[in-house]
Amino acid sequence: MRHRQAIDPERVLVVAPTFMDAALSQSILTEAGLTCQLCADPDKLGQIVSEGVGAILLTEELLAAGQAYGLAEALRRQPAWSDIPVLLLSAAGADSSPGAYAMELFGNVTVLERPVRITNLVSALQAALRARRRQYELRDRLAELERAETSLRKQSERLRLLWEAASVLLTTERPDAMMQALFAKIAPHFQLDCYFNFILTEAGDALRLQSCIGIPEEELPKISRLEFGQAVCGTAALRRQSIVATHIQQSDDPMVQLAKNYGIRAYACSPLIIEDRLLGTLSFASRQKDRFKSEELEFLQTICHYATVAYERVRLIDRLRDADNRKNEFLATLAHELRNPLAPIRNALQIMQLTNYGGAAAEQARGIMERQLRQMVRLIDDLLDVSRISRGKLELRKERVELAAVIHSAVDMANPLIEASGHRLTLSLPGHPVYLNADSLRLAQVFSNLLNNAAKYMDQGGHIELTATCPGKEAIVKVRDTGIGIPAEALSSIFEMFMQVDRSLEKSQGGLGIGLTLVKKLVEMHNGHIEARSEGLNRGAEFIVRLPLAPALGSLDPRSSRSS
Ligand code: ADP
């Protein structure tokens, strides 16, 4: 086989009209340590230049013969970094018309007057080659920069992909949907055709197929369970190590036969392990190539780490949800169980009152027990309501109700506490009836809760203002007090269940931190909205409830409606 000889990028192209001239120049230049390429044929000049030369030495006869166009054309086609030096031997010197013509044609031209001393010719050529070397350096630098840019570009694309993958994993909670969305994002970038996600069986003795893409439906039952050590995934799970299989279609390894049957050529499988706990495996496969590049494997490995964390997140969310459901169930049972003995106790107290049992001291004790019982009933009823709401079991009996009437019954409920605390209550109601489509008992419960809180979280002798207005298509009810106020950082969380502002800041008031949760849920069930405002500690608090008005009577179905 003939090998093409490597071209010396610093060779001097000698263009001489006669073979004798050329041969003479070559021997002189070779002796001076320069590489020469002779060319007497003007038609070949362009080709040689495009293959690469360090400098060009030519005589003015070439110009005279009108044979320079091929060379000029080749020089014009040079890349931006290249400007091949041309040395022209001319009897008339630099200011001659051949010199000017050559500069116009070739650009980077040095004219040497003939006859030229050999040492001058050699040093002029060496200077030209030095300049050319700097051009080569520039070329290499440019290539390097271009390469660096291309990796940078690739890297930022990968980072973007990782970011997108992470957001898929963080926003989806069903593991199969999560994996499918993840696969759809990354598959086109790595020529992936399949993924397989196995998770540990409940018993922890094998793997169960959680989800996959890329194999026919009828094949799924065959891989619904994999034993430890079976196929690539079972082996990766057993060894707790990633496994990469290449050139699968040419492989006799029993481990990859299953993948081979599915036409897979390259396979990468990682065990999903968190805190030493094996969750399962995740693998990606391609039918389009025999192997993944190392940076692709690195990326897929990172994706597997992400998937592990996402799985753990989903597991924790499930556990939290379970715990929350159990807590709700427990609260419901607890409230029921606590509520049951209260009715007989109340009856017994009434019997004691009726029979005037035990005289004055006993009557006083009975009074205390009755008041405490009322407080217990209120707390337990709130608890029952909240647990009904969180389980979606609270129903509203909505009908056309008049806002002022609802507010008056709320005031009646809250009055005992307001009066006992020596507070002053100012009511300001609209001058005309305002109608809502609401459950009057539940809505009265909302306002009495707000009034009770105002009374609770205020020193003796405070002022409560309840204002109801109806500026547009909604009713706005504000309950404002001059009490201990709410710190800014608590305003947003105050409606959350069991949320209570630092007890040390408050008078000990008793309560479970569920009143406002109930209020908010009830307001929302009436398609309304509630917000809390306070200028800070000891600067009072204000609760603003907005409720939609009932439709005008003409458009109203006169029957009362039930909704949950
Ligand atoms: P509870 O009163 O049983 O603690 P709530 O859900 O009714 O529960 O209220 C939650 C918390 O919000 C209270 O513990 C209290 O810290 C704060 N809060 C409610 N209403 C007021 C108010 N009018 N002024 C100051 N703080 C209030």
# chains A, B, ... in the order shown; residues from 1 in each chain; ligands from 1
>>> select_by_dssp(residues="range 268-490 of chain A", states="strand (DSSP E or B)", output="PyMOL selection string")
chain A and resi 268-274+277-286+396-402+424-428+435-438+463-469+474-481
>>> residues_near_ligand(ligand="ligand 1", cutoff="6 Å", atoms="only C-alpha atoms and all ligand atoms", output="PDB file with all heavy atoms, in the first residue's frame")
ATOM      1  N   ASN A 453     -62.033  34.787  69.359  1.00  0.00           N
ATOM      2  CA  ASN A 453     -60.579  35.000  69.330  1.00  0.00           C
ATOM      3  C   ASN A 453     -60.238  36.434  69.722  1.00  0.00           C
ATOM      4  O   ASN A 453     -59.301  36.674  70.483  1.00  0.00           O
ATOM      5  CB  ASN A 453     -60.014  34.705  67.942  1.00  0.00           C
ATOM      6  CG  ASN A 453     -59.694  33.229  67.765  1.00  0.00           C
ATOM      7  OD1 ASN A 453     -59.757  32.463  68.725  1.00  0.00           O
ATOM      8  ND2 ASN A 453     -59.350  32.829  66.556  1.00  0.00           N
ATOM      9  N   ALA A 454     -61.010  37.389  69.151  1.00  0.00           N
ATOM     10  CA  ALA A 454     -60.751  38.800  69.472  1.00  0.00           C
ATOM     11  C   ALA A 454     -60.847  38.996  70.992  1.00  0.00           C
ATOM     12  O   ALA A 454     -60.014  39.679  71.603  1.00  0.00           O
ATOM     13  CB  ALA A 454     -61.748  39.688  68.742  1.00  0.00           C
ATOM     14  N   TYR A 457     -57.749  37.050  72.812  1.00  0.00           N
ATOM     15  CA  TYR A 457     -56.385  37.556  72.679  1.00  0.00           C
ATOM     16  C   TYR A 457     -56.325  39.066  72.919  1.00  0.00           C
ATOM     17  O   TYR A 457     -55.759  39.822  72.146  1.00  0.00           O
ATOM     18  CB  TYR A 457     -55.811  37.155  71.310  1.00  0.00           C
ATOM     19  CG  TYR A 457     -55.766  35.647  71.176  1.00  0.00           C
ATOM     20  CD1 TYR A 457     -56.649  34.963  70.346  1.00  0.00           C
ATOM     21  CD2 TYR A 457     -54.874  34.903  71.950  1.00  0.00           C
ATOM     22  CE1 TYR A 457     -56.634  33.582  70.275  1.00  0.00           C
ATOM     23  CE2 TYR A 457     -54.855  33.513  71.882  1.00  0.00           C
ATOM     24  CZ  TYR A 457     -55.741  32.859  71.047  1.00  0.00           C
ATOM     25  OH  TYR A 457     -55.726  31.491  70.993  1.00  0.00           O
ATOM     26  N   GLY A 483     -56.196  44.000  70.645  1.00  0.00           N
ATOM     27  CA  GLY A 483     -55.495  43.056  71.508  1.00  0.00           C
ATOM     28  C   GLY A 483     -54.014  42.888  71.230  1.00  0.00           C
ATOM     29  O   GLY A 483     -53.343  43.818  70.733  1.00  0.00           O
ATOM     30  N   ILE A 484     -53.533  41.675  71.519  1.00  0.00           N
ATOM     31  CA  ILE A 484     -52.074  41.440  71.506  1.00  0.00           C
ATOM     32  C   ILE A 484     -51.481  41.399  70.095  1.00  0.00           C
ATOM     33  O   ILE A 484     -50.270  41.409  69.928  1.00  0.00           O
ATOM     34  CB  ILE A 484     -51.712  40.113  72.221  1.00  0.00           C
ATOM     35  CG1 ILE A 484     -52.340  38.928  71.488  1.00  0.00           C
ATOM     36  CG2 ILE A 484     -52.135  40.137  73.672  1.00  0.00           C
ATOM     37  CD1 ILE A 484     -51.803  37.597  71.959  1.00  0.00           C
ATOM     38  N   GLY A 485     -52.344  41.365  69.070  1.00  0.00           N
ATOM     39  CA  GLY A 485     -51.834  41.401  67.700  1.00  0.00           C
ATOM     40  C   GLY A 485     -51.134  40.120  67.285  1.00  0.00           C
ATOM     41  O   GLY A 485     -51.000  39.170  68.067  1.00  0.00           O
ATOM     42  N   ILE A 486     -50.701  40.093  66.038  1.00  0.00           N
ATOM     43  CA  ILE A 486     -50.062  38.886  65.479  1.00  0.00           C
ATOM     44  C   ILE A 486     -48.752  39.307  64.819  1.00  0.00           C
ATOM     45  O   ILE A 486     -48.752  40.230  63.996  1.00  0.00           O
ATOM     46  CB  ILE A 486     -50.985  38.227  64.432  1.00  0.00           C
ATOM     47  CG1 ILE A 486     -52.329  37.861  65.068  1.00  0.00           C
ATOM     48  CG2 ILE A 486     -50.327  36.989  63.816  1.00  0.00           C
ATOM     49  CD1 ILE A 486     -53.425  37.564  64.079  1.00  0.00           C
ATOM     50  N   ILE A 494     -51.109  31.332  60.187  1.00  0.00           N
ATOM     51  CA  ILE A 494     -52.051  31.315  61.302  1.00  0.00           C
ATOM     52  C   ILE A 494     -53.294  30.456  61.024  1.00  0.00           C
ATOM     53  O   ILE A 494     -53.942  29.968  61.933  1.00  0.00           O
ATOM     54  CB  ILE A 494     -52.411  32.770  61.640  1.00  0.00           C
ATOM     55  CG1 ILE A 494     -52.837  32.857  63.075  1.00  0.00           C
ATOM     56  CG2 ILE A 494     -53.488  33.314  60.770  1.00  0.00           C
ATOM     57  CD1 ILE A 494     -52.625  34.224  63.602  1.00  0.00           C
ATOM     58  N   MET A 499     -51.780  25.509  64.431  1.00  0.00           N
ATOM     59  CA  MET A 499     -50.848  26.632  64.498  1.00  0.00           C
ATOM     60  C   MET A 499     -51.273  27.583  65.622  1.00  0.00           C
ATOM     61  O   MET A 499     -52.419  28.021  65.679  1.00  0.00           O
ATOM     62  CB  MET A 499     -50.861  27.346  63.133  1.00  0.00           C
ATOM     63  CG  MET A 499     -50.231  28.709  63.129  1.00  0.00           C
ATOM     64  SD  MET A 499     -48.464  28.614  63.480  1.00  0.00           S
ATOM     65  CE  MET A 499     -48.126  30.325  63.872  1.00  0.00           C
ATOM     66  N   GLN A 500     -50.328  27.834  66.509  1.00  0.00           N
ATOM     67  CA  GLN A 500     -50.573  28.808  67.560  1.00  0.00           C
ATOM     68  C   GLN A 500     -49.344  29.695  67.671  1.00  0.00           C
ATOM     69  O   GLN A 500     -48.226  29.203  67.590  1.00  0.00           O
ATOM     70  CB  GLN A 500     -50.817  28.109  68.904  1.00  0.00           C
ATOM     71  CG  GLN A 500     -52.101  27.282  68.883  1.00  0.00           C
ATOM     72  CD  GLN A 500     -52.448  26.694  70.217  1.00  0.00           C
ATOM     73  OE1 GLN A 500     -51.602  26.080  70.840  1.00  0.00           O
ATOM     74  NE2 GLN A 500     -53.676  26.880  70.651  1.00  0.00           N
ATOM     75  N   VAL A 501     -49.554  30.978  67.813  1.00  0.00           N
ATOM     76  CA  VAL A 501     -48.412  31.878  67.979  1.00  0.00           C
ATOM     77  C   VAL A 501     -47.799  31.572  69.352  1.00  0.00           C
ATOM     78  O   VAL A 501     -48.507  31.144  70.264  1.00  0.00           O
ATOM     79  CB  VAL A 501     -48.876  33.341  67.896  1.00  0.00           C
ATOM     80  CG1 VAL A 501     -47.709  34.299  68.127  1.00  0.00           C
ATOM     81  CG2 VAL A 501     -49.507  33.607  66.540  1.00  0.00           C
ATOM     82  N   GLY A 511     -57.040  26.253  74.058  1.00  0.00           N
ATOM     83  CA  GLY A 511     -57.412  26.163  72.644  1.00  0.00           C
ATOM     84  C   GLY A 511     -56.509  25.167  71.978  1.00  0.00           C
ATOM     85  O   GLY A 511     -55.472  24.798  72.536  1.00  0.00           O
ATOM     86  N   LEU A 512     -56.933  24.733  70.804  1.00  0.00           N
ATOM     87  CA  LEU A 512     -56.175  23.680  70.114  1.00  0.00           C
ATOM     88  C   LEU A 512     -55.475  24.181  68.858  1.00  0.00           C
ATOM     89  O   LEU A 512     -54.783  23.437  68.188  1.00  0.00           O
ATOM     90  CB  LEU A 512     -57.130  22.543  69.719  1.00  0.00           C
ATOM     91  CG  LEU A 512     -57.858  21.861  70.881  1.00  0.00           C
ATOM     92  CD1 LEU A 512     -58.903  20.915  70.337  1.00  0.00           C
ATOM     93  CD2 LEU A 512     -56.862  21.108  71.737  1.00  0.00           C
ATOM     94  N   GLY A 513     -55.701  25.439  68.512  1.00  0.00           N
ATOM     95  CA  GLY A 513     -55.103  25.941  67.268  1.00  0.00           C
ATOM     96  C   GLY A 513     -55.827  25.404  66.058  1.00  0.00           C
ATOM     97  O   GLY A 513     -55.218  25.204  65.009  1.00  0.00           O
ATOM     98  N   ILE A 514     -57.136  25.157  66.199  1.00  0.00           N
ATOM     99  CA  ILE A 514     -57.866  24.667  65.025  1.00  0.00           C
ATOM    100  C   ILE A 514     -59.011  25.607  64.631  1.00  0.00           C
ATOM    101  O   ILE A 514     -59.572  25.467  63.552  1.00  0.00           O
ATOM    102  CB  ILE A 514     -58.450  23.244  65.239  1.00  0.00           C
ATOM    103  CG1 ILE A 514     -59.237  23.197  66.527  1.00  0.00           C
ATOM    104  CG2 ILE A 514     -57.377  22.210  65.177  1.00  0.00           C
ATOM    105  CD1 ILE A 514     -59.915  21.874  66.750  1.00  0.00           C
ATOM    106  N   GLY A 515     -59.314  26.591  65.494  1.00  0.00           N
ATOM    107  CA  GLY A 515     -60.447  27.484  65.224  1.00  0.00           C
ATOM    108  C   GLY A 515     -60.301  28.178  63.874  1.00  0.00           C
ATOM    109  O   GLY A 515     -61.226  28.169  63.053  1.00  0.00           O
ATOM    110  N   LEU A 516     -59.140  28.764  63.616  1.00  0.00           N
ATOM    111  CA  LEU A 516     -58.962  29.521  62.368  1.00  0.00           C
ATOM    112  C   LEU A 516     -58.905  28.599  61.155  1.00  0.00           C
ATOM    113  O   LEU A 516     -59.301  28.987  60.065  1.00  0.00           O
ATOM    114  CB  LEU A 516     -57.694  30.380  62.442  1.00  0.00           C
ATOM    115  CG  LEU A 516     -57.806  31.641  63.321  1.00  0.00           C
ATOM    116  CD1 LEU A 516     -56.514  32.453  63.264  1.00  0.00           C
ATOM    117  CD2 LEU A 516     -58.973  32.515  62.867  1.00  0.00           C
ATOM    118  N   THR A 517     -58.391  27.372  61.357  1.00  0.00           N
ATOM    119  CA  THR A 517     -58.389  26.399  60.246  1.00  0.00           C
ATOM    120  C   THR A 517     -59.831  26.142  59.826  1.00  0.00           C
ATOM    121  O   THR A 517     -60.164  26.157  58.634  1.00  0.00           O
ATOM    122  CB  THR A 517     -57.773  25.061  60.712  1.00  0.00           C
ATOM    123  OG1 THR A 517     -56.561  25.336  61.383  1.00  0.00           O
ATOM    124  CG2 THR A 517     -57.529  24.126  59.556  1.00  0.00           C
ATOM    125  N   ALA A 541     -55.488  43.050  65.995  1.00  0.00           N
ATOM    126  CA  ALA A 541     -55.546  42.183  64.813  1.00  0.00           C
ATOM    127  C   ALA A 541     -56.850  42.447  64.095  1.00  0.00           C
ATOM    128  O   ALA A 541     -57.826  42.926  64.696  1.00  0.00           O
ATOM    129  CB  ALA A 541     -55.462  40.723  65.234  1.00  0.00           C
TER     130      ALA A 541
END
>>> closest_residue(among="A:Leu537, A:Val116, A:Leu451, A:Leu220", to="Pro416 in chain A", atoms="only C-alpha atoms")
A:Leu451
>>> atom_distance(atom1="CA of Ser286 in chain A", atom2="CA of Arg265 in chain A")
5.9 Å
>>> residues_around(residues="Asn325 in chain A", least_positions_apart="4", cutoff="9 Å", atoms="only C-alpha atoms", output="short mmCIF file (atom, residue, chain, number, x, y, z; two decimals) with N, CA and C atoms, in the first residue's frame")
data_model
loop_
_atom_site.label_atom_id
_atom_site.label_comp_id
_atom_site.auth_asym_id
_atom_site.auth_seq_id
_atom_site.Cartn_x
_atom_site.Cartn_y
_atom_site.Cartn_z
N LEU A 320 -45.82 10.42 54.66
CA LEU A 320 -46.41 11.57 55.35
C LEU A 320 -47.92 11.59 55.15
N ARG A 321 -48.32 11.29 53.89
CA ARG A 321 -49.75 11.31 53.58
C ARG A 321 -50.47 10.24 54.42
N GLU A 329 -57.87 10.27 60.97
CA GLU A 329 -58.78 9.22 61.45
C GLU A 329 -58.77 9.18 62.97
N PHE A 330 -57.55 9.27 63.52
CA PHE A 330 -57.41 9.21 64.97
C PHE A 330 -58.15 10.37 65.64
N SER A 390 -61.30 17.78 56.86
CA SER A 390 -60.11 17.21 56.21
C SER A 390 -60.41 15.88 55.54
N ARG A 391 -61.47 15.21 55.97
CA ARG A 391 -61.82 13.96 55.28
C ARG A 391 -62.93 14.18 54.25
#
>>> closest_residue(among="A:Ala148, A:Asp290, A:Phe228, A:Leu125", to="Gln250 in chain A", atoms="only C-alpha atoms")
A:Asp290
>>> select_by_dssp(residues="range 248-423 of chain A", states="helix (DSSP H, G or I)", output="PDB file with C-alpha atoms, in the first residue's frame")
ATOM      1  CA  ILE A 248     -24.812  -7.156  22.960  1.00  0.00           C
ATOM      2  CA  GLN A 249     -25.880  -8.506  19.573  1.00  0.00           C
ATOM      3  CA  GLN A 250     -22.447 -10.165  19.254  1.00  0.00           C
ATOM      4  CA  PRO A 254     -25.995 -15.379  29.387  1.00  0.00           C
ATOM      5  CA  MET A 255     -26.565 -12.238  31.444  1.00  0.00           C
ATOM      6  CA  VAL A 256     -27.379 -10.162  28.345  1.00  0.00           C
ATOM      7  CA  GLN A 257     -29.436 -12.723  26.396  1.00  0.00           C
ATOM      8  CA  LEU A 258     -32.765 -11.217  27.459  1.00  0.00           C
ATOM      9  CA  ALA A 259     -31.654  -7.788  26.240  1.00  0.00           C
ATOM     10  CA  LYS A 260     -30.232  -9.394  23.075  1.00  0.00           C
ATOM     11  CA  ASN A 261     -33.649 -10.921  22.323  1.00  0.00           C
ATOM     12  CA  SER A 294     -18.088   7.539  28.826  1.00  0.00           C
ATOM     13  CA  GLU A 295     -19.623  10.992  29.242  1.00  0.00           C
ATOM     14  CA  GLU A 296     -23.013   9.526  28.336  1.00  0.00           C
ATOM     15  CA  LEU A 297     -22.612   6.851  31.002  1.00  0.00           C
ATOM     16  CA  GLU A 298     -21.645   9.518  33.483  1.00  0.00           C
ATOM     17  CA  PHE A 299     -24.804  11.435  32.623  1.00  0.00           C
ATOM     18  CA  LEU A 300     -27.040   8.361  32.885  1.00  0.00           C
ATOM     19  CA  GLN A 301     -25.453   7.552  36.241  1.00  0.00           C
ATOM     20  CA  THR A 302     -26.313  11.036  37.479  1.00  0.00           C
ATOM     21  CA  ILE A 303     -29.868  10.553  36.256  1.00  0.00           C
ATOM     22  CA  CYS A 304     -30.004   7.336  38.304  1.00  0.00           C
ATOM     23  CA  HIS A 305     -28.851   9.244  41.398  1.00  0.00           C
ATOM     24  CA  TYR A 306     -31.590  11.791  40.777  1.00  0.00           C
ATOM     25  CA  ALA A 307     -34.124   9.003  40.332  1.00  0.00           C
ATOM     26  CA  THR A 308     -33.065   7.458  43.639  1.00  0.00           C
ATOM     27  CA  VAL A 309     -33.604  10.727  45.467  1.00  0.00           C
ATOM     28  CA  ALA A 310     -36.905  11.259  43.657  1.00  0.00           C
ATOM     29  CA  TYR A 311     -38.052   7.785  44.692  1.00  0.00           C
ATOM     30  CA  GLU A 312     -37.158   8.521  48.263  1.00  0.00           C
ATOM     31  CA  ARG A 313     -39.046  11.802  48.042  1.00  0.00           C
ATOM     32  CA  VAL A 314     -42.141  10.032  46.713  1.00  0.00           C
ATOM     33  CA  ARG A 315     -41.825   7.389  49.439  1.00  0.00           C
ATOM     34  CA  LEU A 316     -41.560  10.035  52.144  1.00  0.00           C
ATOM     35  CA  ILE A 317     -44.508  11.968  50.723  1.00  0.00           C
ATOM     36  CA  ASP A 318     -46.550   8.745  50.730  1.00  0.00           C
ATOM     37  CA  ARG A 319     -45.535   8.036  54.287  1.00  0.00           C
ATOM     38  CA  LEU A 320     -46.414  11.568  55.347  1.00  0.00           C
ATOM     39  CA  ARG A 321     -49.747  11.312  53.584  1.00  0.00           C
ATOM     40  CA  ASP A 322     -50.428   7.979  55.295  1.00  0.00           C
ATOM     41  CA  ALA A 323     -49.446   9.419  58.642  1.00  0.00           C
ATOM     42  CA  ASP A 324     -51.621  12.470  58.012  1.00  0.00           C
ATOM     43  CA  ASN A 325     -54.598  10.273  57.079  1.00  0.00           C
ATOM     44  CA  ARG A 326     -54.057   8.133  60.149  1.00  0.00           C
ATOM     45  CA  LYS A 327     -53.841  11.259  62.300  1.00  0.00           C
ATOM     46  CA  ASN A 328     -57.098  12.558  60.809  1.00  0.00           C
ATOM     47  CA  GLU A 329     -58.776   9.218  61.451  1.00  0.00           C
ATOM     48  CA  PHE A 330     -57.407   9.212  64.967  1.00  0.00           C
ATOM     49  CA  LEU A 331     -58.637  12.761  65.631  1.00  0.00           C
ATOM     50  CA  ALA A 332     -62.090  11.838  64.365  1.00  0.00           C
ATOM     51  CA  THR A 333     -62.222   8.769  66.620  1.00  0.00           C
ATOM     52  CA  LEU A 334     -60.802  10.684  69.548  1.00  0.00           C
ATOM     53  CA  ALA A 335     -63.326  13.488  69.162  1.00  0.00           C
ATOM     54  CA  HIS A 336     -66.194  10.984  68.944  1.00  0.00           C
ATOM     55  CA  GLU A 337     -64.986   9.051  71.953  1.00  0.00           C
ATOM     56  CA  LEU A 338     -64.526  12.248  73.973  1.00  0.00           C
ATOM     57  CA  ARG A 339     -67.877  13.618  72.896  1.00  0.00           C
ATOM     58  CA  LEU A 342     -70.311  14.530  77.658  1.00  0.00           C
ATOM     59  CA  ALA A 343     -74.052  14.165  77.084  1.00  0.00           C
ATOM     60  CA  PRO A 344     -74.605  11.886  80.141  1.00  0.00           C
ATOM     61  CA  ILE A 345     -72.436  14.218  82.245  1.00  0.00           C
ATOM     62  CA  ARG A 346     -74.494  17.208  81.163  1.00  0.00           C
ATOM     63  CA  ASN A 347     -77.695  15.298  81.953  1.00  0.00           C
ATOM     64  CA  ALA A 348     -76.384  14.366  85.390  1.00  0.00           C
ATOM     65  CA  LEU A 349     -75.519  18.009  86.085  1.00  0.00           C
ATOM     66  CA  GLN A 350     -79.020  19.077  85.091  1.00  0.00           C
ATOM     67  CA  ILE A 351     -80.523  16.423  87.379  1.00  0.00           C
ATOM     68  CA  MET A 352     -78.353  17.730  90.201  1.00  0.00           C
ATOM     69  CA  GLN A 353     -79.629  21.253  89.500  1.00  0.00           C
ATOM     70  CA  LEU A 354     -83.253  20.143  89.355  1.00  0.00           C
ATOM     71  CA  GLY A 359     -76.959  22.702  98.849  1.00  0.00           C
ATOM     72  CA  ALA A 360     -75.068  25.948  98.027  1.00  0.00           C
ATOM     73  CA  ALA A 361     -71.501  24.608  97.887  1.00  0.00           C
ATOM     74  CA  ALA A 362     -72.545  21.772  95.603  1.00  0.00           C
ATOM     75  CA  GLU A 363     -74.452  24.227  93.413  1.00  0.00           C
ATOM     76  CA  GLN A 364     -71.308  26.307  93.040  1.00  0.00           C
ATOM     77  CA  ALA A 365     -69.278  23.221  92.094  1.00  0.00           C
ATOM     78  CA  ARG A 366     -71.974  22.214  89.657  1.00  0.00           C
ATOM     79  CA  GLY A 367     -71.802  25.661  88.025  1.00  0.00           C
ATOM     80  CA  ILE A 368     -68.037  25.291  87.564  1.00  0.00           C
ATOM     81  CA  MET A 369     -68.482  21.822  86.080  1.00  0.00           C
ATOM     82  CA  GLU A 370     -71.123  23.092  83.685  1.00  0.00           C
ATOM     83  CA  ARG A 371     -68.957  25.954  82.419  1.00  0.00           C
ATOM     84  CA  GLN A 372     -65.968  23.638  81.943  1.00  0.00           C
ATOM     85  CA  LEU A 373     -68.233  21.172  80.204  1.00  0.00           C
ATOM     86  CA  ARG A 374     -69.399  23.877  77.762  1.00  0.00           C
ATOM     87  CA  GLN A 375     -65.763  24.696  76.965  1.00  0.00           C
ATOM     88  CA  MET A 376     -64.999  21.006  76.402  1.00  0.00           C
ATOM     89  CA  VAL A 377     -68.005  20.618  74.128  1.00  0.00           C
ATOM     90  CA  ARG A 378     -66.875  23.631  72.089  1.00  0.00           C
ATOM     91  CA  LEU A 379     -63.303  22.290  71.676  1.00  0.00           C
ATOM     92  CA  ILE A 380     -64.449  18.812  70.801  1.00  0.00           C
ATOM     93  CA  ASP A 381     -67.039  20.091  68.333  1.00  0.00           C
ATOM     94  CA  ASP A 382     -64.340  22.142  66.584  1.00  0.00           C
ATOM     95  CA  LEU A 383     -62.137  19.067  66.490  1.00  0.00           C
ATOM     96  CA  LEU A 384     -64.951  16.998  65.007  1.00  0.00           C
ATOM     97  CA  ASP A 385     -65.629  19.658  62.389  1.00  0.00           C
ATOM     98  CA  VAL A 386     -61.997  19.970  61.361  1.00  0.00           C
ATOM     99  CA  SER A 387     -61.610  16.234  61.027  1.00  0.00           C
ATOM    100  CA  ARG A 388     -64.852  16.126  58.992  1.00  0.00           C
ATOM    101  CA  ILE A 389     -63.519  18.826  56.688  1.00  0.00           C
ATOM    102  CA  SER A 390     -60.108  17.210  56.207  1.00  0.00           C
ATOM    103  CA  LEU A 403     -76.103  38.625  56.611  1.00  0.00           C
ATOM    104  CA  ALA A 404     -77.196  40.781  59.583  1.00  0.00           C
ATOM    105  CA  ALA A 405     -79.193  37.876  61.028  1.00  0.00           C
ATOM    106  CA  VAL A 406     -76.159  35.603  60.790  1.00  0.00           C
ATOM    107  CA  ILE A 407     -73.981  38.221  62.472  1.00  0.00           C
ATOM    108  CA  HIS A 408     -76.495  38.729  65.289  1.00  0.00           C
ATOM    109  CA  SER A 409     -76.559  35.025  66.073  1.00  0.00           C
ATOM    110  CA  ALA A 410     -72.720  34.967  66.018  1.00  0.00           C
ATOM    111  CA  VAL A 411     -72.696  37.862  68.479  1.00  0.00           C
ATOM    112  CA  ASP A 412     -75.137  35.975  70.717  1.00  0.00           C
ATOM    113  CA  MET A 413     -72.755  33.002  70.756  1.00  0.00           C
ATOM    114  CA  ALA A 414     -69.689  35.084  71.537  1.00  0.00           C
ATOM    115  CA  ASN A 415     -71.325  37.505  73.954  1.00  0.00           C
ATOM    116  CA  PRO A 416     -70.773  35.519  77.177  1.00  0.00           C
ATOM    117  CA  LEU A 417     -66.971  35.615  76.686  1.00  0.00           C
ATOM    118  CA  ILE A 418     -66.953  39.234  75.459  1.00  0.00           C
ATOM    119  CA  GLU A 419     -68.933  40.344  78.478  1.00  0.00           C
ATOM    120  CA  ALA A 420     -66.978  38.218  80.938  1.00  0.00           C
TER     121      ALA A 420
END
